[in-house]
$ cat structure07.cif   # mmCIF, C-alpha atoms and all ligand atoms
data_upload
loop_
_atom_site.label_atom_id
_atom_site.label_comp_id
_atom_site.auth_asym_id
_atom_site.auth_seq_id
_atom_site.Cartn_x
_atom_site.Cartn_y
_atom_site.Cartn_z
CA MET A 1 4.25 -14.10 -28.15
CA THR A 2 7.37 -16.27 -28.18
CA ASP A 3 8.80 -17.85 -25.06
CA ARG A 4 11.02 -14.81 -24.58
CA ILE A 5 10.65 -13.56 -21.03
CA LEU A 6 9.66 -9.89 -21.07
CA LEU A 7 10.61 -7.20 -18.58
CA SER A 8 7.15 -6.04 -17.49
CA PRO A 9 4.27 -6.97 -19.81
CA PRO A 10 0.62 -5.98 -19.17
CA HIS A 11 -1.38 -8.26 -16.88
CA MET A 12 -5.14 -8.08 -17.32
CA SER A 13 -7.45 -9.21 -14.52
CA GLY A 14 -10.17 -10.57 -16.83
CA GLU A 15 -12.68 -7.92 -15.75
CA GLU A 16 -11.44 -5.33 -18.25
CA ARG A 17 -13.07 -6.96 -21.28
CA ARG A 18 -16.52 -6.83 -19.67
CA LEU A 19 -16.02 -3.19 -18.62
CA VAL A 20 -14.84 -2.21 -22.10
CA GLU A 21 -17.81 -4.01 -23.70
CA ARG A 22 -20.09 -1.97 -21.50
CA VAL A 23 -18.47 1.18 -22.87
CA PHE A 24 -18.97 -0.11 -26.44
CA ASP A 25 -22.61 -0.84 -25.71
CA SER A 26 -23.14 2.69 -24.45
CA ASN A 27 -21.10 4.19 -27.37
CA TRP A 28 -19.12 6.48 -25.06
CA ILE A 29 -16.03 6.02 -27.26
CA ALA A 30 -14.64 9.45 -26.52
CA PRO A 31 -12.38 11.36 -24.16
CA VAL A 32 -15.47 12.02 -22.05
CA GLY A 33 -17.98 9.71 -20.39
CA PRO A 34 -19.02 7.82 -17.28
CA ALA A 35 -16.07 5.40 -17.30
CA ILE A 36 -13.59 8.30 -16.90
CA ASP A 37 -15.59 9.75 -14.04
CA ALA A 38 -15.76 6.33 -12.35
CA PHE A 39 -12.04 5.70 -12.86
CA GLU A 40 -11.18 9.06 -11.31
CA ARG A 41 -13.33 8.37 -8.23
CA GLU A 42 -11.76 4.89 -7.88
CA LEU A 43 -8.26 6.31 -8.21
CA GLU A 44 -9.03 8.90 -5.52
CA GLN A 45 -10.27 6.15 -3.24
CA CYS A 46 -7.34 3.87 -3.90
CA THR A 47 -4.62 6.53 -3.41
CA GLY A 48 -6.27 8.74 -0.81
CA ALA A 49 -5.80 11.71 -3.16
CA ASN A 50 -8.58 14.27 -2.88
CA HIS A 51 -9.00 14.86 -6.60
CA ALA A 52 -7.87 13.04 -9.74
CA CYS A 53 -7.89 13.88 -13.44
CA ALA A 54 -7.33 11.02 -15.92
CA LEU A 55 -5.06 11.91 -18.83
CA SER A 56 -3.61 10.39 -21.99
CA SER A 57 -0.17 9.69 -20.47
CA GLY A 58 2.06 10.25 -17.49
CA THR A 59 4.13 12.63 -19.63
CA ALA A 60 1.04 14.72 -20.37
CA ALA A 61 0.27 14.75 -16.64
CA ILE A 62 3.78 16.03 -15.80
CA HIS A 63 3.57 18.71 -18.50
CA LEU A 64 0.16 19.90 -17.30
CA ALA A 65 1.27 19.78 -13.66
CA LEU A 66 4.28 22.01 -14.34
CA ARG A 67 2.06 24.49 -16.18
CA LEU A 68 -0.40 24.47 -13.28
CA LEU A 69 2.42 25.03 -10.78
CA GLY A 70 3.29 28.18 -12.70
CA VAL A 71 6.47 27.06 -14.48
CA GLU A 72 7.34 29.61 -17.15
CA PRO A 73 10.15 30.12 -19.67
CA GLY A 74 13.43 30.83 -17.89
CA ASP A 75 12.36 29.32 -14.56
CA LEU A 76 14.55 26.81 -12.74
CA VAL A 77 12.99 23.40 -12.06
CA LEU A 78 14.69 20.83 -9.82
CA CYS A 79 14.39 17.22 -10.97
CA SER A 80 15.67 13.79 -9.92
CA SER A 81 18.56 12.85 -12.19
CA LEU A 82 18.02 9.08 -11.96
CA THR A 83 14.74 8.68 -13.85
CA PHE A 84 13.19 8.09 -17.25
CA VAL A 85 13.56 11.08 -19.57
CA ALA A 86 9.79 11.76 -19.45
CA SER A 87 10.22 13.24 -15.96
CA ALA A 88 12.49 15.95 -17.37
CA ASN A 89 11.28 16.57 -20.93
CA PRO A 90 8.22 18.56 -19.79
CA ILE A 91 10.61 21.02 -18.08
CA LEU A 92 12.05 21.77 -21.52
CA MET A 93 8.53 21.83 -22.99
CA CYS A 94 7.78 24.71 -20.57
CA GLY A 95 10.93 26.55 -21.70
CA ALA A 96 12.36 26.14 -18.18
CA GLU A 97 15.84 25.13 -17.07
CA PRO A 98 16.29 21.79 -15.30
CA VAL A 99 18.64 21.45 -12.32
CA PHE A 100 19.32 17.78 -11.62
CA VAL A 101 19.56 16.28 -8.15
CA ASP A 102 21.37 13.03 -7.33
CA SER A 103 19.98 9.91 -5.64
CA ASP A 104 20.26 8.69 -2.08
CA PRO A 105 22.01 5.28 -1.96
CA ASP A 106 19.42 4.07 0.60
CA SER A 107 16.40 4.58 -1.65
CA TRP A 108 17.83 5.34 -5.12
CA CYS A 109 15.35 8.27 -5.13
CA MET A 110 16.14 12.00 -4.79
CA SER A 111 18.84 12.71 -2.18
CA THR A 112 17.45 15.07 0.45
CA ALA A 113 21.05 16.06 1.31
CA ALA A 114 21.75 17.11 -2.29
CA LEU A 115 18.41 18.90 -2.53
CA GLU A 116 19.12 20.88 0.64
CA ARG A 117 22.61 21.85 -0.56
CA VAL A 118 21.49 23.02 -4.00
CA LEU A 119 18.55 24.98 -2.54
CA HIS A 120 20.97 26.81 -0.23
CA GLU A 121 23.43 27.49 -3.04
CA LEU A 122 20.68 28.78 -5.31
CA ALA A 123 19.31 30.96 -2.50
CA ARG A 124 22.81 32.46 -2.07
CA GLU A 125 22.77 33.23 -5.80
CA GLY A 126 19.38 34.89 -5.36
CA ARG A 127 17.51 32.26 -7.37
CA THR A 128 14.40 30.36 -6.30
CA PRO A 129 13.40 27.36 -8.42
CA ARG A 130 9.74 27.41 -9.37
CA ALA A 131 9.16 23.68 -8.84
CA CYS A 132 10.74 20.37 -7.93
CA VAL A 133 9.98 17.08 -9.73
CA ALA A 134 10.73 14.39 -7.13
CA VAL A 135 10.53 10.92 -8.66
CA SER A 136 9.59 7.77 -6.74
CA LEU A 137 11.64 5.23 -8.62
CA TYR A 138 10.99 1.58 -9.51
CA GLY A 139 8.07 1.43 -7.06
CA GLN A 140 9.93 3.00 -4.15
CA SER A 141 8.67 6.15 -2.50
CA ALA A 142 11.17 8.99 -2.25
CA ASP A 143 11.71 10.76 1.10
CA LEU A 144 8.61 12.81 0.34
CA PRO A 145 8.07 14.41 3.78
CA GLY A 146 11.73 15.55 3.86
CA ILE A 147 11.62 16.83 0.28
CA SER A 148 8.28 18.50 0.85
CA GLU A 149 9.56 20.28 3.99
CA LEU A 150 12.61 21.64 2.13
CA CYS A 151 10.44 22.77 -0.76
CA ARG A 152 8.07 24.55 1.61
CA GLU A 153 10.97 26.30 3.41
CA HIS A 154 12.31 27.60 0.11
CA GLY A 155 8.99 28.48 -1.55
CA VAL A 156 9.31 25.76 -4.23
CA ARG A 157 6.20 23.92 -5.51
CA LEU A 158 6.48 20.12 -5.33
CA LEU A 159 5.45 17.69 -8.06
CA ASP A 160 5.27 14.19 -6.56
CA GLU A 161 6.22 12.21 -9.68
CA ALA A 162 4.98 8.70 -8.96
CA ALA A 163 4.67 7.47 -12.56
CA GLU A 164 6.42 4.24 -11.51
CA ALA A 165 5.14 4.09 -7.96
CA LEU A 166 1.37 3.64 -7.85
CA GLY A 167 0.78 1.51 -4.74
CA ALA A 168 4.04 2.49 -3.00
CA THR A 169 3.73 4.01 0.44
CA HIS A 170 5.61 6.39 2.69
CA GLY A 171 4.36 5.73 6.21
CA ASP A 172 0.62 5.34 5.79
CA ARG A 173 0.39 7.59 2.73
CA MET A 174 0.65 6.70 -0.93
CA ALA A 175 3.43 8.05 -3.15
CA GLY A 176 1.85 10.63 -5.43
CA THR A 177 -0.13 12.35 -2.67
CA PHE A 178 2.59 14.43 -1.01
CA GLY A 179 3.16 17.28 -3.44
CA ASP A 180 1.17 20.28 -4.57
CA LEU A 181 0.31 17.87 -7.38
CA GLY A 182 1.08 14.21 -8.05
CA VAL A 183 1.36 12.13 -11.19
CA TYR A 184 0.84 8.45 -12.13
CA SER A 185 1.45 6.58 -15.38
CA PHE A 186 -0.63 3.70 -16.73
CA ASN A 187 1.70 2.88 -19.61
CA GLY A 188 1.73 -0.75 -20.76
CA ASN A 189 4.79 -1.62 -18.66
CA LYS A 190 3.50 -0.16 -15.37
CA ILE A 191 2.12 -2.06 -12.36
CA ILE A 192 -1.37 -1.50 -13.74
CA THR A 193 -2.09 -0.21 -17.22
CA THR A 194 -4.69 1.40 -19.47
CA SER A 195 -2.38 0.56 -22.42
CA GLY A 196 -1.42 4.23 -22.46
CA GLY A 197 -2.56 6.72 -19.87
CA GLY A 198 -1.78 8.77 -16.84
CA ALA A 199 -3.34 10.82 -14.09
CA LEU A 200 -2.79 13.99 -12.18
CA VAL A 201 -3.89 14.12 -8.54
CA GLY A 202 -3.99 16.87 -5.94
CA GLU A 203 -5.51 18.32 -2.80
CA ASP A 204 -6.65 21.57 -4.36
CA PRO A 205 -9.87 21.05 -6.34
CA ARG A 206 -9.27 24.25 -8.33
CA LEU A 207 -5.92 23.01 -9.66
CA VAL A 208 -7.34 19.62 -10.68
CA GLU A 209 -10.39 21.23 -12.27
CA ARG A 210 -8.03 23.53 -14.16
CA ALA A 211 -6.16 20.41 -15.36
CA ARG A 212 -9.45 19.04 -16.73
CA PHE A 213 -10.10 22.33 -18.50
CA LEU A 214 -6.60 22.62 -20.01
CA SER A 215 -6.51 18.93 -21.03
CA THR A 216 -9.65 19.33 -23.15
CA GLN A 217 -8.51 22.27 -25.31
CA ALA A 218 -9.34 25.01 -22.76
CA ARG A 219 -12.71 25.94 -24.15
CA ASP A 220 -14.26 28.84 -22.26
CA PRO A 221 -17.69 28.26 -20.71
CA SER A 222 -20.47 29.46 -23.01
CA PRO A 223 -24.26 29.08 -22.97
CA ILE A 224 -24.25 27.94 -26.62
CA ASN A 225 -21.01 25.86 -26.38
CA ALA A 226 -19.24 28.36 -28.63
CA TYR A 227 -15.65 27.57 -29.52
CA GLU A 228 -14.16 30.47 -27.67
CA HIS A 229 -10.67 30.28 -26.16
CA SER A 230 -8.66 32.69 -24.09
CA THR A 231 -5.72 30.46 -23.16
CA PRO A 232 -3.84 27.72 -25.06
CA GLY A 233 -5.01 24.22 -24.15
CA PHE A 234 -4.02 20.63 -24.84
CA ASN A 235 -5.63 17.43 -26.06
CA TYR A 236 -4.48 15.39 -23.06
CA ARG A 237 -7.65 13.72 -21.74
CA MET A 238 -7.87 9.94 -21.29
CA SER A 239 -10.26 8.05 -23.55
CA ASN A 240 -13.43 6.75 -21.87
CA LEU A 241 -12.68 3.33 -23.37
CA LEU A 242 -9.26 3.14 -21.72
CA ALA A 243 -10.61 4.38 -18.40
CA ALA A 244 -12.73 1.20 -18.32
CA VAL A 245 -9.53 -0.85 -18.62
CA GLY A 246 -8.12 1.22 -15.76
CA SER A 247 -11.10 0.42 -13.52
CA GLY A 248 -10.57 -3.31 -14.06
CA GLN A 249 -6.88 -2.92 -13.28
CA LEU A 250 -7.29 -0.79 -10.16
CA ARG A 251 -9.35 -3.54 -8.55
CA VAL A 252 -6.31 -5.83 -8.56
CA LEU A 253 -3.61 -3.31 -7.64
CA GLY A 254 -3.08 -4.90 -4.21
CA GLU A 255 -2.59 -8.33 -5.80
CA ARG A 256 -0.18 -6.88 -8.36
CA VAL A 257 1.95 -5.29 -5.65
CA ALA A 258 2.03 -8.55 -3.69
CA ALA A 259 2.99 -10.54 -6.82
CA ARG A 260 5.86 -8.19 -7.73
CA ARG A 261 7.15 -8.26 -4.18
CA ARG A 262 7.07 -12.08 -4.23
CA ILE A 263 9.02 -12.13 -7.49
CA PHE A 264 11.68 -9.91 -5.91
CA GLU A 265 11.91 -12.26 -2.91
CA THR A 266 12.23 -15.29 -5.20
CA TYR A 267 15.14 -13.67 -7.09
CA ARG A 268 16.78 -12.53 -3.85
CA ASP A 269 16.56 -15.99 -2.23
CA GLY A 270 17.41 -17.89 -5.41
CA LEU A 271 20.52 -15.84 -6.08
CA GLU A 272 21.71 -15.36 -2.51
CA ALA A 273 24.31 -18.11 -2.75
CA THR A 274 26.06 -16.34 -5.65
CA GLY A 275 26.71 -13.33 -3.39
CA ARG A 276 27.07 -11.27 -6.58
CA ILE A 277 23.99 -9.01 -6.64
CA GLU A 278 23.34 -6.11 -4.27
CA TRP A 279 19.59 -5.46 -4.42
CA MET A 280 17.95 -2.05 -4.45
CA PRO A 281 17.32 -1.44 -0.74
CA GLU A 282 13.78 -1.06 0.51
CA ALA A 283 13.80 2.27 2.34
CA PRO A 284 12.56 1.86 5.92
CA HIS A 285 10.04 4.69 5.47
CA GLY A 286 7.52 2.64 3.48
CA THR A 287 6.59 -0.25 1.24
CA CYS A 288 8.21 -0.59 -2.17
CA THR A 289 6.03 -2.24 -4.83
CA ARG A 290 9.15 -3.69 -6.52
CA TRP A 291 7.63 -2.55 -9.81
CA LEU A 292 10.94 -3.70 -11.21
CA THR A 293 13.41 -5.89 -9.34
CA CYS A 294 16.70 -3.99 -9.59
CA GLY A 295 20.16 -4.81 -8.37
CA LEU A 296 23.82 -3.92 -8.72
CA VAL A 297 26.62 -6.09 -10.04
CA ALA A 298 30.37 -5.54 -9.70
CA ASP A 299 30.94 -2.96 -12.42
CA GLU A 300 29.91 -1.68 -15.84
CA GLY A 301 31.70 -4.50 -17.68
CA GLU A 302 29.91 -7.17 -15.66
CA ARG A 303 26.58 -5.36 -16.15
CA ASP A 304 27.03 -5.38 -19.94
CA ARG A 305 28.10 -9.01 -20.03
CA LEU A 306 25.18 -10.11 -17.85
CA LEU A 307 22.65 -8.18 -19.96
CA GLY A 308 24.14 -9.77 -23.11
CA HIS A 309 24.04 -13.23 -21.54
CA LEU A 310 20.37 -12.87 -20.49
CA ASP A 311 19.44 -11.57 -23.93
CA SER A 312 21.11 -14.55 -25.59
CA GLU A 313 18.96 -16.81 -23.41
CA GLY A 314 15.71 -15.07 -24.37
CA ILE A 315 15.40 -12.98 -21.21
CA GLU A 316 14.70 -9.27 -21.43
CA ALA A 317 16.61 -7.33 -18.79
CA ARG A 318 17.63 -3.66 -18.84
CA PRO A 319 20.23 -1.33 -17.40
CA VAL A 320 19.00 1.03 -14.68
CA TRP A 321 17.90 4.43 -16.11
CA LYS A 322 20.75 6.48 -17.49
CA PRO A 323 20.75 9.60 -15.28
CA MET A 324 19.67 12.87 -16.86
CA HIS A 325 22.96 14.64 -16.03
CA LEU A 326 24.75 12.08 -18.23
CA GLN A 327 22.37 12.47 -21.19
CA PRO A 328 23.52 14.32 -24.32
CA LEU A 329 20.10 16.06 -24.24
CA PHE A 330 21.01 17.73 -20.95
CA ALA A 331 24.75 18.26 -21.45
CA GLY A 332 26.02 21.20 -19.41
CA ARG A 333 22.97 21.40 -17.10
CA ARG A 334 23.56 21.93 -13.42
CA TYR A 335 23.76 18.79 -11.24
CA GLU A 336 24.03 18.40 -7.48
CA PRO A 337 25.65 15.14 -6.29
CA HIS A 338 24.60 13.32 -3.11
CA ALA A 339 27.90 14.29 -1.46
CA PRO A 340 30.75 16.36 -2.87
CA GLY A 341 32.63 14.06 -5.28
CA ARG A 342 30.07 11.23 -4.95
CA ASP A 343 27.86 10.68 -8.00
CA VAL A 344 25.42 8.04 -6.69
CA SER A 345 23.09 7.95 -9.71
CA GLY A 346 26.10 7.56 -12.02
CA GLU A 347 27.30 4.58 -9.94
CA LEU A 348 23.80 3.03 -9.97
CA PHE A 349 23.66 3.37 -13.75
CA ASP A 350 27.10 1.81 -14.24
CA ARG A 351 26.31 -1.25 -12.14
CA GLY A 352 22.52 -1.53 -12.19
CA ILE A 353 20.23 -4.02 -13.91
CA CYS A 354 16.45 -4.50 -13.95
CA LEU A 355 15.17 -8.08 -14.11
CA PRO A 356 11.89 -9.38 -15.58
CA SER A 357 9.28 -8.41 -12.99
CA GLY A 358 5.82 -8.70 -14.57
CA SER A 359 3.17 -9.82 -12.09
CA SER A 360 2.17 -12.62 -14.50
CA LEU A 361 5.69 -14.08 -14.60
CA SER A 362 5.27 -17.80 -13.93
CA GLU A 363 7.30 -19.69 -11.34
CA PRO A 364 9.05 -21.76 -14.06
CA ASP A 365 10.03 -18.51 -15.82
CA GLN A 366 11.33 -17.02 -12.56
CA ALA A 367 13.38 -20.21 -12.13
CA ARG A 368 14.66 -19.82 -15.71
CA VAL A 369 15.91 -16.30 -14.95
CA ILE A 370 17.57 -17.48 -11.73
CA ASP A 371 19.24 -20.45 -13.46
CA SER A 372 20.48 -18.22 -16.24
CA ILE A 373 22.05 -15.74 -13.80
CA ARG A 374 23.56 -18.55 -11.70
CA GLY A 375 25.03 -19.98 -14.91
CA PHE A 376 26.51 -16.59 -15.78
CA PHE A 377 28.24 -16.22 -12.41
CA ARG A 378 29.59 -19.80 -12.59
C1 LIG B 401 9.63 7.90 -14.05
C2 LIG B 401 8.70 8.04 -15.20
N1 LIG B 401 8.16 9.24 -15.44
C3 LIG B 401 7.31 9.42 -16.45
C4 LIG B 401 6.94 8.39 -17.29
C5 LIG B 401 6.05 8.71 -18.44
O1 LIG B 401 4.83 8.09 -18.38
P1 LIG B 401 4.03 7.79 -19.73
O2 LIG B 401 4.75 6.72 -20.47
O3 LIG B 401 2.69 7.37 -19.26
O4 LIG B 401 3.98 9.07 -20.50
C6 LIG B 401 7.48 7.12 -17.07
C7 LIG B 401 7.18 5.92 -17.87
O5 LIG B 401 6.81 5.77 -18.92
C8 LIG B 401 8.40 6.93 -16.01
O6 LIG B 401 8.97 5.74 -15.80
#

$ encode --input "structure07.cif" --output "structure tokens" --more "lines below"
Ligand SMILES: Cc1ncc(COP(=O)(O)O)c(C=O)c1O
Amino acid sequence: MTDRILLSPPHMSGEERRLVERVFDSNWIAPVGPAIDAFERELEQCTGANHACALSSGTAAIHLALRLLGVEPGDLVLCSSLTFVASANPILMCGAEPVFVDSDPDSWCMSTAALERVLHELAREGRTPRACVAVSLYGQSADLPGISELCREHGVRLLDEAAEALGATHGDRMAGTFGDLGVYSFNGNKIITTSGGGALVGEDPRLVERARFLSTQARDPSPINAYEHSTPGFNYRMSNLLAAVGSGQLRVLGERVAARRRIFETYRDGLEATGRIEWMPEAPHGTCTRWLTCGLVADEGERDRLLGHLDSEGIEARPVWKPMHLQPLFAGRRYEPHAPGRDVSGELFDRGICLPSGSSLSEPDQARVIDSIRGFFR
């Protein structure tokens, strides 16, 4: 790699190589095997989730979760607007209709006020959404108890979409464990990685067992292992080889959270004197992992100039996610703002940037980012 500073590169612990070699030695190079079983037990232990199913990606986990929650063509599915498109694409993959919900300025995650309003409006129209995809963004837990309560009141199933928030807490519980089902991603840019991978977690053993069944082509039980199928399945299971990488990574999750939080504090302290960046708040309800350090600058013009400046100095930074209600893909879809006339996620997109946040980012590189931003504001 060059000396370009990357946004969030993988950070191996050193244990992964030994664990992967063990898999090679046993020849379990398949989407089945003891490393997957071990990884699932470790993930359950680490998150407090009752049951986990390791899958090929977070996107696959969201798609399977929506199917398991009964989402069918024509159904309405609520979804955070400020997120990566993979939270919403599976809604389309189910033939359902997304309804986007704005962010709360205090957490940047789904606005409970907007959710409540849209649920009431839909109820008045005689429509009940089948499910709600509530995203915990950039390592910050959404108001999951509040969202979960509203969903329960209105008979809506909750998907706790914590692709970016493994290790984040709400009170003493982990993001990902509040919904009917929860989802994590282990993509290469996440706080821990299996290079590509994801998981679905839940309280109900039948739902998670069903996920295992559907993710491995939905082959009906048979005494002679006949290839008999009565429902369409998917090829969504995690490889046993990658699960071994995941086991090595899970062991250092606590250290990775601490490192990312320290990086955020270094940026915050180092740039305080500029008075030009308003950081993503840490919601008082829990601990944010600071998966990515995000902040707001004055306006869209300043955001673009700063991103261009950092790029020219070999520093990879990104705008905050472009909200789904502003995407051409979802043009014309229903959207509920945080307050009438106040589009919070749109404002966050216009002014938001994400800074290099990888847990392996060295102190000299953190200083380089800070110097570059100070230089820009001078
Ligand atoms: C919020 C969010 N949801 C879903 C995903 C999809 O996860 P994956 O890349 O593992 O499919 C990602 C990241 O990639 C994400 O950031």

$ residues_near_point --input "structure07.cif" --point "(-5.0, 22.5, -25.1)" --cutoff "9 Å" --atoms "only C-alpha atoms" --output "list of chain:residue names"
A:Phe213, A:Leu214, A:Ser215, A:Thr216, A:Gln217, A:Ala218, A:Arg219, A:Thr231, A:Pro232, A:Gly233, A:Phe234, A:Asn235, A:Tyr236

$ write_last_selection --input "structure07.cif" --atoms "C-alpha atoms" --output "CSV table (one decimal), keeping the file's coordinate frame"
chain,number,residue,atom,x,y,z
A,213,PHE,CA,-10.1,22.3,-18.5
A,214,LEU,CA,-6.6,22.6,-20.0
A,215,SER,CA,-6.5,18.9,-21.0
A,216,THR,CA,-9.6,19.3,-23.2
A,217,GLN,CA,-8.5,22.3,-25.3
A,218,ALA,CA,-9.3,25.0,-22.8
A,219,ARG,CA,-12.7,25.9,-24.2
A,231,THR,CA,-5.7,30.5,-23.2
A,232,PRO,CA,-3.8,27.7,-25.1
A,233,GLY,CA,-5.0,24.2,-24.2
A,234,PHE,CA,-4.0,20.6,-24.8
A,235,ASN,CA,-5.6,17.4,-26.1
A,236,TYR,CA,-4.5,15.4,-23.1

$ residues_around --input "structure07.cif" --residues "Gly314 (chain A)" --least-positions-apart "3" --cutoff "10 Å" --atoms "all atoms listed in the file" --output "VMD selection string"
chain A and resid 2 to 6 309 to 311 317 368 to 369 372

$ residues_near_ligand --input "structure07.cif" --ligand "ligand LIG 401 (chain B)" --cutoff "10 Å" --atoms "all atoms listed in the file" --output "VMD selection string"
chain A and resid 55 to 63 80 82 to 90 133 to 139 161 to 165 183 to 190 193 to 199 321

$ closest_residue --input "structure07.cif" --among "A:Cys354, A:Ile192, A:Ala142, A:Ala339" --to "Glu278 (chain A)" --atoms "all atoms listed in the file"
A:Cys354

$ residues_around --input "structure07.cif" --residues "region 120-127 of chain A" --least-positions-apart "6" --cutoff "10 Å" --atoms "only C-alpha atoms" --output "MDAnalysis selection string"
chainID A and resid 75:76 114 154

$ residues_near_point --input "structure07.cif" --point "(26.3, 11.9, -2.5)" --cutoff "8 Å" --atoms "all atoms listed in the file" --output "PyMOL selection string"
chain A and resi 102-105+111+113-114+337-344

$ write_last_selection --input "structure07.cif" --atoms "C-alpha atoms" --output "mmCIF file, in the coordinates of the input"
data_model
loop_
_atom_site.group_PDB
_atom_site.id
_atom_site.type_symbol
_atom_site.label_atom_id
_atom_site.label_comp_id
_atom_site.auth_asym_id
_atom_site.auth_seq_id
_atom_site.Cartn_x
_atom_site.Cartn_y
_atom_site.Cartn_z
ATOM 1 C CA ASP A 102 21.370 13.030 -7.330
ATOM 2 C CA SER A 103 19.980 9.910 -5.640
ATOM 3 C CA ASP A 104 20.260 8.690 -2.080
ATOM 4 C CA PRO A 105 22.010 5.280 -1.960
ATOM 5 C CA SER A 111 18.840 12.710 -2.180
ATOM 6 C CA ALA A 113 21.050 16.060 1.310
ATOM 7 C CA ALA A 114 21.750 17.110 -2.290
ATOM 8 C CA PRO A 337 25.650 15.140 -6.290
ATOM 9 C CA HIS A 338 24.600 13.320 -3.110
ATOM 10 C CA ALA A 339 27.900 14.290 -1.460
ATOM 11 C CA PRO A 340 30.750 16.360 -2.870
ATOM 12 C CA GLY A 341 32.630 14.060 -5.280
ATOM 13 C CA ARG A 342 30.070 11.230 -4.950
ATOM 14 C CA ASP A 343 27.860 10.680 -8.000
ATOM 15 C CA VAL A 344 25.420 8.040 -6.690
#

$ closest_residue --input "structure07.cif" --among "A:Pro98, A:Leu144, A:Gly346, A:Ile353" --to "Arg305 (chain A)" --atoms "all atoms listed in the file"
A:Ile353

$ closest_residue --input "structure07.cif" --among "A:Gly254, A:Tyr335, A:Val32, A:Gly48" --to "Glu97 (chain A)" --atoms "all atoms listed in the file"
A:Tyr335

$ residues_around --input "structure07.cif" --residues "region 243-249 of chain A" --least-positions-apart "5" --cutoff "7 Å" --atoms "all atoms listed in the file" --output "PyMOL selection string"
chain A and resi 12-13+15-16+19-20+35-36+39+192-194+238

$ closest_residue --input "structure07.cif" --among "A:Leu292, A:Leu92, A:Ala52, A:Ile147" --to "Arg262 (chain A)" --atoms "all atoms listed in the file"
A:Leu292

$ atom_distance --input "structure07.cif" --atom1 "CA of Arg333 (chain A)" --atom2 "CA of Pro319 (chain A)"
22.9 Å

$ atom_distance --input "structure07.cif" --atom1 "CA of Val99 (chain A)" --atom2 "CA of Gly74 (chain A)"
12.1 Å

$ closest_residue --input "structure07.cif" --among "A:Gly358, A:Met174, A:Leu119, A:Leu242" --to "Asp37 (chain A)" --atoms "only C-alpha atoms"
A:Leu242

$ residues_around --input "structure07.cif" --residues "Glu302 (chain A)" --least-positions-apart "2" --cutoff "12 Å" --atoms "only C-alpha atoms" --output "list in words"
Arg276, Ile277, Leu296, Val297, Ala298, Asp299, Glu300, Asp304, Arg305, Leu306, Leu307, Gly308, His309, Pro319, Asp350, Arg351, Gly352, Ile353, Ile373, Phe376 and Phe377 of chain A

$ closest_residue --input "structure07.cif" --among "A:Leu348, A:Met324, A:Ala211, A:Ile370" --to "Tyr267 (chain A)" --atoms "all atoms listed in the file"
A:Ile370

$ decode --input "structure07.cif" --residues "region 194-214 of chain A" --atoms "C-alpha atoms" --output "PDB file, in the first residue's frame"
ATOM      1  CA  THR A 194     -14.151 -11.594   7.812  1.00  0.00           C
ATOM      2  CA  SER A 195     -13.191  -9.865   4.516  1.00  0.00           C
ATOM      3  CA  GLY A 196     -16.817 -10.280   3.471  1.00  0.00           C
ATOM      4  CA  GLY A 197     -19.506 -11.603   5.752  1.00  0.00           C
ATOM      5  CA  GLY A 198     -22.470 -10.933   7.946  1.00  0.00           C
ATOM      6  CA  ALA A 199     -24.686 -12.455  10.580  1.00  0.00           C
ATOM      7  CA  LEU A 200     -28.290 -12.629  11.583  1.00  0.00           C
ATOM      8  CA  VAL A 201     -29.123 -12.859  15.286  1.00  0.00           C
ATOM      9  CA  GLY A 202     -32.352 -13.330  17.214  1.00  0.00           C
ATOM     10  CA  GLU A 203     -34.137 -14.513  20.324  1.00  0.00           C
ATOM     11  CA  ASP A 204     -36.353 -17.036  18.581  1.00  0.00           C
ATOM     12  CA  PRO A 205     -34.410 -20.230  17.819  1.00  0.00           C
ATOM     13  CA  ARG A 206     -36.948 -21.245  15.159  1.00  0.00           C
ATOM     14  CA  LEU A 207     -36.384 -18.063  13.140  1.00  0.00           C
ATOM     15  CA  VAL A 208     -32.585 -18.395  13.278  1.00  0.00           C
ATOM     16  CA  GLU A 209     -32.751 -22.096  12.409  1.00  0.00           C
ATOM     17  CA  ARG A 210     -34.986 -21.171   9.479  1.00  0.00           C
ATOM     18  CA  ALA A 211     -32.321 -18.657   8.394  1.00  0.00           C
ATOM     19  CA  ARG A 212     -29.743 -21.473   8.386  1.00  0.00           C
ATOM     20  CA  PHE A 213     -32.079 -23.609   6.299  1.00  0.00           C
ATOM     21  CA  LEU A 214     -32.903 -20.870   3.764  1.00  0.00           C
TER      22      LEU A 214
END
